[in-house]
Amino acid sequence: MRHFGHISPTAREGLFFREPRAFTAESPARMLSVALGATLYSPATRPSLADDVLKQAARGVVSMVLCLEDSIDDAEVTDAEANLIRQFAALAARDAASGPAGRSPGDATGTADAADADIPLLFIRVREPAQITDLVRRLGDSVRMLSGFVLPKFTEERGSHFLEALAEAEAACGRRLFAMPVLESPELLHLETRGDILQGIARSVDKYRDRVLALRLGVTDFCSAYGLRRAPDMTAYDVHIVASVIADVVNVLGRADGTGFTITGPVWEYFRRQERMFKPQLRRSPFLEGSAEELRTALIEHDLDGLLREIELDRANGLLGKTCIHPSHVAPVHALSVVSHEEFTDAQDILSPERGGGGVLRSAYTNKMNEVKPHRAWAERTLQRAEVFGVAREDVGFVDLLAACLTN
């Protein structure tokens with residue numbers, strides 16, 4: 001699979017200075033943690049789940065979470081587990097019939113439809129540790145379609161049981177399985193316990209560093225603890241009590257000194273039911289001839305302006321990727337994840353071997369100072385993002401990338 005693999009090779013060539021690299025579920029963890037992008041959640045109760053997964057893959061989704069926790073009723077858990085076993089078996093059969101692993105039909109034919117799309121990275125969000133070992137046993141051979149588990153309400157005490165179960169399941173099935181802990185407990189939000197909770201989480205995830213793919217933020221739970229809900233014109237960073245938690249999580253767990261982890265952006269709760277109404281507006285919009293303002297107006301009208309601002313603030317605050325609960329959120333997340341030509345040029349200049357001793361240089365775009373030592377960590381992270389999301393051509397911006405995602 002690859003980001004933007006659902007659009008034609010000709011379209012990609014016109015958009016990218018360097019195209020996104022292909023990857024598989026077996027790629028290095030460092031690459032996969034960056035490649036997660038917009039991780040789309042779906043309730044595990046959906047009877048057409050296997051078809052839904054393939055349909056979303058054909059639209060550009062590369063990671064999904066099939067949820068057994070908050071998205072379903074307590075009384076539905078048993079049936080949802082059974083449904084997952086059936087749906088994974090269906091996906092495994094479809095994968096076996098489609099040919100060699102890692103093949104991307106979109107590269108050969110120009111488009112990929114739901115019948116032949118690459119299957120995304122799939123994770124199951126469980127409620128209790130015992131579900132991990134039980135589900136892996138029940139999945140049988142179709143466990144090869146599973147990339148790992150999402151671990152809710154993660155703290156040191158609770159999380160250790162989840163991570164031990166993951167290690168046990170991995171040994172039983174002989175397959176690498178990743179964990180994505182969700183940081184959402186009230187103890188993490190409360191000021192008097194936050195420091196200790198963060199230190200405990202750091203100890204837990206460091207012990208299983210090779211298997212912790214990313215840390216996810218449960219901002220909806222944070223808001224719930226104080227009876228809050230942000231409006232569609234507000235980002236998570238406008239809710240100060242939430243923003244303070246995000247800052248502390250990044251401070252402790254997102255450092256660029258080799259001890260940190262990928263931390264993903266919080267969920268955006270708002271969407272329009274008539275998402276397809278946006279596509280004709282894009283096709284006939286004057287932005288295709290260079291007017292970004294028309295698209296910006298359309299985005300505001302479709303309740304996406306707040307989402308765009310939050311994605312930008314996510315990256316500015318050290319987060320990468322985003323939890324998504326609606327397919328219409330995927331394209332904006334991915335379009336804003338592409339590295340601009342200017343960013344790429346700056347990063348390459350900073351990391352040039354001849355700059356190993358440090359110093360300051362004027363950017364190739366002659367609009368900023370690049371200070372080699374302080375900006376090195378930023379440059380390294382930028383090139384990691386460029387590897388999986390690609391580098392846009394010099395004259396290509398977010399508008400062009402989003403249009404390509406939505407009109408192909």
# chains A, B, ... in the order shown; residues from 1 in each chain; ligands from 1

$ residues_around --residues "Ile246 (chain A)" --least-positions-apart "5" --cutoff "12 Å" --atoms "only C-alpha atoms" --output "ChimeraX atom specification"
/A:183-184,188-189,194,198,215-219,222,236-241,251-254,263-266,313-319

$ residues_around --residues "Gly174 (chain A)" --least-positions-apart "5" --cutoff "10 Å" --atoms "only C-alpha atoms" --output "list in words"
Val143, Arg144, Glu168 and Ala169 of chain A

$ residues_around --residues "Pro20 (chain A)" --least-positions-apart "2" --cutoff "9 Å" --atoms "only C-alpha atoms" --output "PyMOL selection string"
chain A and resi 2-5+16+18+22+338+386-391

$ residues_around --residues "region 119-131 of chain A" --least-positions-apart "5" --cutoff "6 Å" --atoms "only C-alpha atoms" --output "PyMOL selection string"
chain A and resi 62-69+146-150+162+165

$ atom_distance --atom1 "CA of Arg272 (chain A)" --atom2 "CA of Thr235 (chain A)"
17.4 Å

$ residues_around --residues "Ser48 (chain A)" --least-positions-apart "6" --cutoff "12 Å" --atoms "only C-alpha atoms" --output "PDB file with N, CA, C and O atoms, in the first residue's frame"
ATOM      1  N   SER A  42     -14.091   2.146  13.105  1.00  0.00           N
ATOM      2  CA  SER A  42     -15.370   1.586  12.696  1.00  0.00           C
ATOM      3  C   SER A  42     -15.859   0.637  13.780  1.00  0.00           C
ATOM      4  O   SER A  42     -15.068  -0.151  14.328  1.00  0.00           O
ATOM      5  N   LEU A  54     -12.439  -2.721   2.540  1.00  0.00           N
ATOM      6  CA  LEU A  54     -11.927  -2.636   1.173  1.00  0.00           C
ATOM      7  C   LEU A  54     -12.396  -1.361   0.476  1.00  0.00           C
ATOM      8  O   LEU A  54     -11.648  -0.743  -0.286  1.00  0.00           O
ATOM      9  N   LYS A  55     -13.625  -0.952   0.757  1.00  0.00           N
ATOM     10  CA  LYS A  55     -14.134   0.286   0.151  1.00  0.00           C
ATOM     11  C   LYS A  55     -13.327   1.486   0.629  1.00  0.00           C
ATOM     12  O   LYS A  55     -12.963   2.355  -0.166  1.00  0.00           O
ATOM     13  N   ASN A  83     -18.517 -11.427  14.990  1.00  0.00           N
ATOM     14  CA  ASN A  83     -18.526 -10.767  13.683  1.00  0.00           C
ATOM     15  C   ASN A  83     -17.109 -10.488  13.202  1.00  0.00           C
ATOM     16  O   ASN A  83     -16.794 -10.675  12.020  1.00  0.00           O
ATOM     17  N   LEU A  84     -16.232 -10.058  14.101  1.00  0.00           N
ATOM     18  CA  LEU A  84     -14.842  -9.832  13.712  1.00  0.00           C
ATOM     19  C   LEU A  84     -14.188 -11.092  13.181  1.00  0.00           C
ATOM     20  O   LEU A  84     -13.445 -11.044  12.185  1.00  0.00           O
ATOM     21  N   ARG A  86     -15.562 -13.588  11.663  1.00  0.00           N
ATOM     22  CA  ARG A  86     -16.091 -13.835  10.313  1.00  0.00           C
ATOM     23  C   ARG A  86     -15.509 -12.856   9.304  1.00  0.00           C
ATOM     24  O   ARG A  86     -15.123 -13.245   8.185  1.00  0.00           O
ATOM     25  N   GLN A  87     -15.447 -11.606   9.682  1.00  0.00           N
ATOM     26  CA  GLN A  87     -14.989 -10.585   8.733  1.00  0.00           C
ATOM     27  C   GLN A  87     -13.495 -10.716   8.434  1.00  0.00           C
ATOM     28  O   GLN A  87     -13.065 -10.508   7.293  1.00  0.00           O
ATOM     29  N   PHE A  88     -12.694 -11.077   9.426  1.00  0.00           N
ATOM     30  CA  PHE A  88     -11.272 -11.301   9.168  1.00  0.00           C
ATOM     31  C   PHE A  88     -11.076 -12.510   8.262  1.00  0.00           C
ATOM     32  O   PHE A  88     -10.191 -12.512   7.396  1.00  0.00           O
ATOM     33  N   ALA A  90     -13.130 -13.451   5.957  1.00  0.00           N
ATOM     34  CA  ALA A  90     -13.491 -12.988   4.616  1.00  0.00           C
ATOM     35  C   ALA A  90     -12.371 -12.162   4.002  1.00  0.00           C
ATOM     36  O   ALA A  90     -12.058 -12.300   2.810  1.00  0.00           O
ATOM     37  N   LEU A  91     -11.738 -11.309   4.789  1.00  0.00           N
ATOM     38  CA  LEU A  91     -10.624 -10.501   4.283  1.00  0.00           C
ATOM     39  C   LEU A  91      -9.429 -11.371   3.920  1.00  0.00           C
ATOM     40  O   LEU A  91      -8.763 -11.137   2.908  1.00  0.00           O
TER      41      LEU A  91
END

$ closest_residue --among "A:Ala92, A:Lys207, A:Asp248, A:Ala331" --to "Cys405 (chain A)" --atoms "only C-alpha atoms"
A:Ala331

$ select_by_dssp --residues "region 84-251 of chain A" --states "strand (DSSP E)" --output "list of chain:residue names"
A:Leu121, A:Leu122, A:Phe123, A:Ile124, A:Arg125, A:Gly148, A:Phe149, A:Val150, A:Leu151, A:Phe178, A:Ala179, A:Met180, A:Pro181, A:Val182, A:Leu183, A:Leu215, A:Arg216, A:Leu217

$ write_last_selection --atoms "N, CA and C atoms" --output "tab-separated table (two decimals), in the first residue's frame"
chain	number	residue	atom	x	y	z
A	121	LEU	N	-3.70	-1.45	7.26
A	121	LEU	CA	-3.26	-1.92	8.56
A	121	LEU	C	-4.50	-1.97	9.46
A	122	LEU	N	-4.77	-3.13	10.03
A	122	LEU	CA	-5.98	-3.31	10.82
A	122	LEU	C	-5.64	-3.55	12.29
A	123	PHE	N	-6.33	-2.83	13.15
A	123	PHE	CA	-6.15	-2.95	14.60
A	123	PHE	C	-7.52	-3.18	15.24
A	124	ILE	N	-7.53	-3.93	16.33
A	124	ILE	CA	-8.76	-4.15	17.08
A	124	ILE	C	-8.66	-3.40	18.40
A	125	ARG	N	-9.66	-2.60	18.70
A	125	ARG	CA	-9.71	-1.92	20.00
A	125	ARG	C	-10.50	-2.81	20.96
A	148	GLY	N	-2.42	-5.38	15.00
A	148	GLY	CA	-2.26	-5.19	16.43
A	148	GLY	C	-3.53	-4.76	17.12
A	149	PHE	N	-3.36	-4.21	18.32
A	149	PHE	CA	-4.50	-3.87	19.17
A	149	PHE	C	-4.38	-2.44	19.71
A	150	VAL	N	-5.53	-1.81	19.89
A	150	VAL	CA	-5.62	-0.51	20.54
A	150	VAL	C	-6.04	-0.75	21.97
A	151	LEU	N	-5.28	-0.17	22.92
A	151	LEU	CA	-5.45	-0.46	24.34
A	151	LEU	C	-6.06	0.75	25.04
A	178	PHE	N	1.40	-5.13	17.05
A	178	PHE	CA	1.70	-3.84	17.66
A	178	PHE	C	0.62	-3.43	18.66
A	179	ALA	N	1.02	-2.57	19.57
A	179	ALA	CA	0.09	-1.95	20.52
A	179	ALA	C	-0.01	-0.47	20.23
A	180	MET	N	-1.22	0.06	20.36
A	180	MET	CA	-1.43	1.51	20.32
A	180	MET	C	-2.23	1.89	21.57
A	181	PRO	N	-1.54	2.21	22.66
A	181	PRO	CA	-2.24	2.64	23.88
A	181	PRO	C	-2.98	3.96	23.67
A	182	VAL	N	-4.14	4.06	24.30
A	182	VAL	CA	-4.92	5.30	24.26
A	182	VAL	C	-4.80	5.98	25.62
A	183	LEU	N	-4.32	7.21	25.61
A	183	LEU	CA	-4.16	7.98	26.84
A	183	LEU	C	-5.42	8.81	27.04
A	215	LEU	N	1.13	6.27	20.31
A	215	LEU	CA	0.26	6.59	21.43
A	215	LEU	C	-0.87	7.47	20.91
A	216	ARG	N	-2.09	7.15	21.30
A	216	ARG	CA	-3.25	7.89	20.83
A	216	ARG	C	-3.88	8.66	21.98
A	217	LEU	N	-4.43	9.83	21.68
A	217	LEU	CA	-5.01	10.70	22.70
A	217	LEU	C	-6.53	10.62	22.68

$ closest_residue --among "A:Glu156, A:His329, A:Tyr270, A:Glu192" --to "Arg229 (chain A)" --atoms "only C-alpha atoms"
A:Tyr270

$ atom_distance --atom1 "CA of Gly258 (chain A)" --atom2 "CA of Ser244 (chain A)"
23.1 Å
